[in-house]
Amino acid sequence: MDLFKKCHDFTRADDIKALGLYPYFRAIEANEGPVVQIEGKKVVMAGSNNYLGLTAHPKVKEASLNAIKKYGTGCSGSRYLTGTLDLHIELESRLAKFFGTEAVLLYSTGYQTAQGIIPTLVQGKGEYVVSDKDNHACIVAGQVMAKGLTANLERYKHNDMADLERVLSKLPIDSPKLIVSDGVFSTGGEIVDLPKLVELAKKYNARTLIDDAHSVGVIGKGGRGTASEFNLEKEVDLTMGTFSKTFASLGGFVAGEERVINYLKHHSSALIFSASPTPASVAAALAALNILEEEPWRVEKLIKNANKMRTELAAAGFTIIDGRTAIVPVIVGNDELAFAMWRKLYDAGVFVNVFISPGVPQGRQMMRTSYMSSHEDEHLDFIINAFKTVGKEIGLI
């Protein structure tokens with residue numbers, strides 16, 4: 001059989017395109033934050049991870065431009081060799097101070113960060129990765145790499161601490177273990193039960209890695225993430241994150257004990273064999289960090305906006321996944337209805353993200369909405385009214 005046969009047989013995307021319902025790879029032609037331009041028309045954005053609205057902030061854009069003028073457009077090498085700038089070191093130092101950890105290490109993308117951490121730390125036959133079943137794809141990729149290096153992979157039910165204990169109790173108590181979980185889960189917006197997870201880690205001799213991609217700038221003191229949310233800053237071993245959301249840029253990081261970060265710096269293939277984050281990206285993240293520290297009201301407004309949407313969508317009769325983060329999922333229930341609802345919302349001037357099977361379980365297909373501190377009431381009210389109109393048209397409410 002030809003290796004490419006599966007490619008020619010894949011027609012699902014073409015079928016949806018033919019119906020005019022294809023929601024993916026839509027090109028944004030201009031971005032003002034809450035409002036974007038797609039296909040020549042203005043659309044209210046209700047699907048971005050630009051949580052604090054900083055991608056269009058003048059100080060962030062100015063910092064990127066100034067970095068290009070000083071350093072050029074790229075580093076042309078890995079951090080290990082010729083690719084380290086003083087900007088990288090400055091951002092690592094600033095983030096370590098922000099999170100209250102000994103050290104931070106930057107990676108070139110958030111997705112790559114998990115692949116740089118997990119298989120570097122967990123490799124041997126007697127070592128274990130213990131992972132939430134709903135963890136982000138970057139964690140899944142990292143743990144598959146670790147398994148390929150002869151480490152063991154164990155998974156537990158989503159945010160189910162009783163099942164986590166069941167899994168841990170079967171493993172040798174003296175075996176090295178790394179429990180990995182999203183802090184805020186990217187699909188449903190739920191927050192990990194971190195107090196119980198940390199308790200179990202101590203009981204069963206495990207280390208912890210929390211992915212705060214959707215937590216930083218959203219929860220915790222001043223937006224410092226999941227460990228801060230639960231006053232467990234000294235109890236979580238490693239925190240990883242991304243610059244592509246709150247920090248309005250591109251790249252990733254891991255924060256933790258200096259000796260562990262030093263080991264990753266000298267053994268992580270994802271770091272050693274990748275070109276380092278570009279000057280513009282690092283400068284943008286630094287500028288965004290400055291704004292986050294100087295303007296904590298942005299975090300408060302973000303949560304206020306998301307809470308308003310959560311309350312009003314539920315009151316309108318929609319089934320939502322409750323929470324207290326920037327992510328507000330609206331359950332639709334099947335793929336066809338999800339595509340139809342997306343199209344009607346888009347035509348009404350609202351852009352949301354569509355999650356369908358197998359990316360989510362059957363019955364949990366959704367409009368995954370997310371909000372920004374830069375949304376004003378006029379934007380939120382527009383989104384709510386569009387949802388109500390479309391929800392009635394398709395019989396969802």
# chains A, B, ... in the order shown; residues from 1 in each chain; ligands from 1
$ closest_atom_pairs --of "stretch 219-326 of chain A" --to "stretch 128-140 of chain A" --cutoff "12 Å" --atoms "only C-alpha atoms" --output "tab-separated table"
residue	atom	partner	partner_atom	distance
A:Met240	CA	A:Ile139	CA	10.6
A:Gly241	CA	A:Cys138	CA	11.1
A:Thr242	CA	A:Cys138	CA	11.3
A:Gly252	CA	A:Cys138	CA	11.5
$ write_last_selection --atoms "N, CA and C atoms" --output "PDB file, in the first residue's frame"
ATOM      1  N   MET A 240       5.856  25.106  33.686  1.00  0.00           N
ATOM      2  CA  MET A 240       6.174  25.474  32.313  1.00  0.00           C
ATOM      3  C   MET A 240       5.068  26.387  31.777  1.00  0.00           C
ATOM      4  N   GLY A 241       5.397  27.119  30.727  1.00  0.00           N
ATOM      5  CA  GLY A 241       4.410  28.030  30.164  1.00  0.00           C
ATOM      6  C   GLY A 241       4.795  28.465  28.773  1.00  0.00           C
ATOM      7  N   THR A 242       4.030  29.390  28.247  1.00  0.00           N
ATOM      8  CA  THR A 242       4.219  29.858  26.878  1.00  0.00           C
ATOM      9  C   THR A 242       4.177  31.380  26.838  1.00  0.00           C
ATOM     10  N   GLY A 252       8.537  29.577  24.858  1.00  0.00           N
ATOM     11  CA  GLY A 252       8.110  28.895  26.072  1.00  0.00           C
ATOM     12  C   GLY A 252       9.161  29.007  27.151  1.00  0.00           C
TER      13      GLY A 252
END
$ closest_atom_pairs --of "stretch 171-242 of chain A" --to "stretch 84-99 of chain A" --cutoff "12 Å" --atoms "only C-alpha atoms" --output "tab-separated table"
residue	atom	partner	partner_atom	distance
A:Asp212	CA	A:Phe99	CA	11.4
A:Val216	CA	A:Phe99	CA	9.9
A:Gly217	CA	A:Phe98	CA	11.6
A:Gly220	CA	A:Phe99	CA	10.5
A:Lys221	CA	A:Phe99	CA	10.1
A:Gly222	CA	A:Phe98	CA	9.6
A:Gly223	CA	A:Phe99	CA	9.9
A:Arg224	CA	A:Phe99	CA	6.4
A:Gly225	CA	A:Phe99	CA	8.5
A:Thr226	CA	A:Phe99	CA	10.7
A:Ala227	CA	A:Phe99	CA	9.2
A:Ser228	CA	A:Phe99	CA	8.4
A:Glu229	CA	A:Phe99	CA	11.9
A:Asn231	CA	A:Phe99	CA	11.9
A:Leu232	CA	A:Phe99	CA	11.3
A:Glu233	CA	A:Phe99	CA	7.8
A:Lys234	CA	A:Phe99	CA	10.1
A:Val236	CA	A:Phe99	CA	11.2
A:Leu238	CA	A:Phe99	CA	10.8
A:Thr239	CA	A:Phe99	CA	9.0
A:Met240	CA	A:Phe99	CA	10.9
A:Gly241	CA	A:Leu95	CA	10.9
A:Thr242	CA	A:Leu95	CA	11.8
$ closest_atom_pairs --of "stretch 46-110 of chain A" --to "stretch 357-376 of chain A" --cutoff "7 Å" --atoms "only C-alpha atoms" --output "CSV"
residue,atom,partner,partner_atom,distance
A:Ala46,CA,A:Thr369,CA,5.4
A:Gly47,CA,A:Ser370,CA,5.0
A:Ser48,CA,A:Ser370,CA,6.1
A:Asn49,CA,A:Ser370,CA,6.7
A:Asn50,CA,A:Met372,CA,6.3
A:Tyr51,CA,A:Met372,CA,4.4
A:Leu52,CA,A:Ser373,CA,5.0
A:Gly53,CA,A:Ser374,CA,5.2
$ write_last_selection --atoms "N, CA and C atoms" --output "PDB file, in the first residue's frame"
ATOM      1  N   ALA A  46     -13.870  36.211  19.759  1.00  0.00           N
ATOM      2  CA  ALA A  46     -14.232  35.533  21.006  1.00  0.00           C
ATOM      3  C   ALA A  46     -13.547  34.178  21.090  1.00  0.00           C
ATOM      4  N   GLY A  47     -12.355  34.093  20.481  1.00  0.00           N
ATOM      5  CA  GLY A  47     -11.652  32.818  20.502  1.00  0.00           C
ATOM      6  C   GLY A  47     -10.157  32.945  20.688  1.00  0.00           C
ATOM      7  N   SER A  48      -9.673  34.141  20.993  1.00  0.00           N
ATOM      8  CA  SER A  48      -8.232  34.353  21.092  1.00  0.00           C
ATOM      9  C   SER A  48      -7.708  34.022  22.485  1.00  0.00           C
ATOM     10  N   ASN A  49      -6.438  33.598  22.539  1.00  0.00           N
ATOM     11  CA  ASN A  49      -5.745  33.401  23.820  1.00  0.00           C
ATOM     12  C   ASN A  49      -4.928  34.629  24.214  1.00  0.00           C
ATOM     13  N   ASN A  50      -5.187  35.735  23.570  1.00  0.00           N
ATOM     14  CA  ASN A  50      -4.518  37.006  23.857  1.00  0.00           C
ATOM     15  C   ASN A  50      -5.166  37.613  25.113  1.00  0.00           C
ATOM     16  N   TYR A  51      -4.972  36.916  26.246  1.00  0.00           N
ATOM     17  CA  TYR A  51      -5.808  37.146  27.425  1.00  0.00           C
ATOM     18  C   TYR A  51      -5.784  38.567  27.965  1.00  0.00           C
ATOM     19  N   LEU A  52      -4.653  39.207  27.936  1.00  0.00           N
ATOM     20  CA  LEU A  52      -4.579  40.573  28.466  1.00  0.00           C
ATOM     21  C   LEU A  52      -4.615  41.617  27.356  1.00  0.00           C
ATOM     22  N   GLY A  53      -4.853  41.168  26.127  1.00  0.00           N
ATOM     23  CA  GLY A  53      -4.999  42.096  25.014  1.00  0.00           C
ATOM     24  C   GLY A  53      -3.731  42.834  24.646  1.00  0.00           C
TER      25      GLY A  53
END
$ residues_around --residues "stretch 344-352 of chain A" --least-positions-apart "6" --cutoff "12 Å" --atoms "only C-alpha atoms" --output "ChimeraX atom specification"
/A:20-24,26-28,34-49,327-330,337-338,366-371,379-394
$ closest_residue --among "A:Val104, A:Met161, A:Val282, A:Leu194" --to "A:Gly74" --atoms "only C-alpha atoms"
A:Val282
$ select_by_dssp --residues "stretch 2-63 of chain A" --states "strand (DSSP E)" --output "PyMOL selection string"
chain A and resi 28-31+35-38+41-45
$ write_last_selection --atoms "N, CA and C atoms" --output "PDB file, in the first residue's frame"
ATOM      1  N   ILE A  28      -6.485  36.172   9.307  1.00  0.00           N
ATOM      2  CA  ILE A  28      -6.769  37.467   9.925  1.00  0.00           C
ATOM      3  C   ILE A  28      -5.969  38.529   9.176  1.00  0.00           C
ATOM      4  N   GLU A  29      -6.670  39.532   8.676  1.00  0.00           N
ATOM      5  CA  GLU A  29      -6.039  40.556   7.836  1.00  0.00           C
ATOM      6  C   GLU A  29      -5.645  41.799   8.620  1.00  0.00           C
ATOM      7  N   ALA A  30      -6.273  42.006   9.769  1.00  0.00           N
ATOM      8  CA  ALA A  30      -5.928  43.108  10.667  1.00  0.00           C
ATOM      9  C   ALA A  30      -6.393  42.728  12.061  1.00  0.00           C
ATOM     10  N   ASN A  31      -5.644  43.170  13.061  1.00  0.00           N
ATOM     11  CA  ASN A  31      -5.936  42.746  14.433  1.00  0.00           C
ATOM     12  C   ASN A  31      -5.874  43.945  15.362  1.00  0.00           C
ATOM     13  N   VAL A  35     -11.432  43.228  18.134  1.00  0.00           N
ATOM     14  CA  VAL A  35     -12.019  43.181  16.796  1.00  0.00           C
ATOM     15  C   VAL A  35     -10.924  42.883  15.783  1.00  0.00           C
ATOM     16  N   VAL A  36     -11.209  41.929  14.883  1.00  0.00           N
ATOM     17  CA  VAL A  36     -10.247  41.584  13.839  1.00  0.00           C
ATOM     18  C   VAL A  36     -10.941  41.707  12.484  1.00  0.00           C
ATOM     19  N   GLN A  37     -10.130  41.723  11.432  1.00  0.00           N
ATOM     20  CA  GLN A  37     -10.685  41.736  10.082  1.00  0.00           C
ATOM     21  C   GLN A  37     -10.381  40.405   9.411  1.00  0.00           C
ATOM     22  N   ILE A  38     -11.423  39.732   8.946  1.00  0.00           N
ATOM     23  CA  ILE A  38     -11.303  38.463   8.226  1.00  0.00           C
ATOM     24  C   ILE A  38     -12.160  38.562   6.974  1.00  0.00           C
ATOM     25  N   LYS A  41     -14.124  41.811   6.410  1.00  0.00           N
ATOM     26  CA  LYS A  41     -15.144  42.339   7.312  1.00  0.00           C
ATOM     27  C   LYS A  41     -14.672  42.303   8.754  1.00  0.00           C
ATOM     28  N   LYS A  42     -15.202  43.212   9.562  1.00  0.00           N
ATOM     29  CA  LYS A  42     -14.871  43.292  10.971  1.00  0.00           C
ATOM     30  C   LYS A  42     -15.631  42.217  11.744  1.00  0.00           C
ATOM     31  N   VAL A  43     -14.918  41.525  12.618  1.00  0.00           N
ATOM     32  CA  VAL A  43     -15.504  40.442  13.407  1.00  0.00           C
ATOM     33  C   VAL A  43     -15.046  40.594  14.856  1.00  0.00           C
ATOM     34  N   VAL A  44     -15.973  40.445  15.808  1.00  0.00           N
ATOM     35  CA  VAL A  44     -15.599  40.470  17.218  1.00  0.00           C
ATOM     36  C   VAL A  44     -14.937  39.139  17.560  1.00  0.00           C
ATOM     37  N   MET A  45     -13.733  39.187  18.100  1.00  0.00           N
ATOM     38  CA  MET A  45     -12.962  37.995  18.399  1.00  0.00           C
ATOM     39  C   MET A  45     -13.357  37.430  19.763  1.00  0.00           C
TER      40      MET A  45
END
$ residues_around --residues "stretch 57-60 of chain A" --least-positions-apart "6" --cutoff "10 Å" --atoms "only C-alpha atoms" --output "ChimeraX atom specification"
/A:32-33,247-249,280-281,283-291
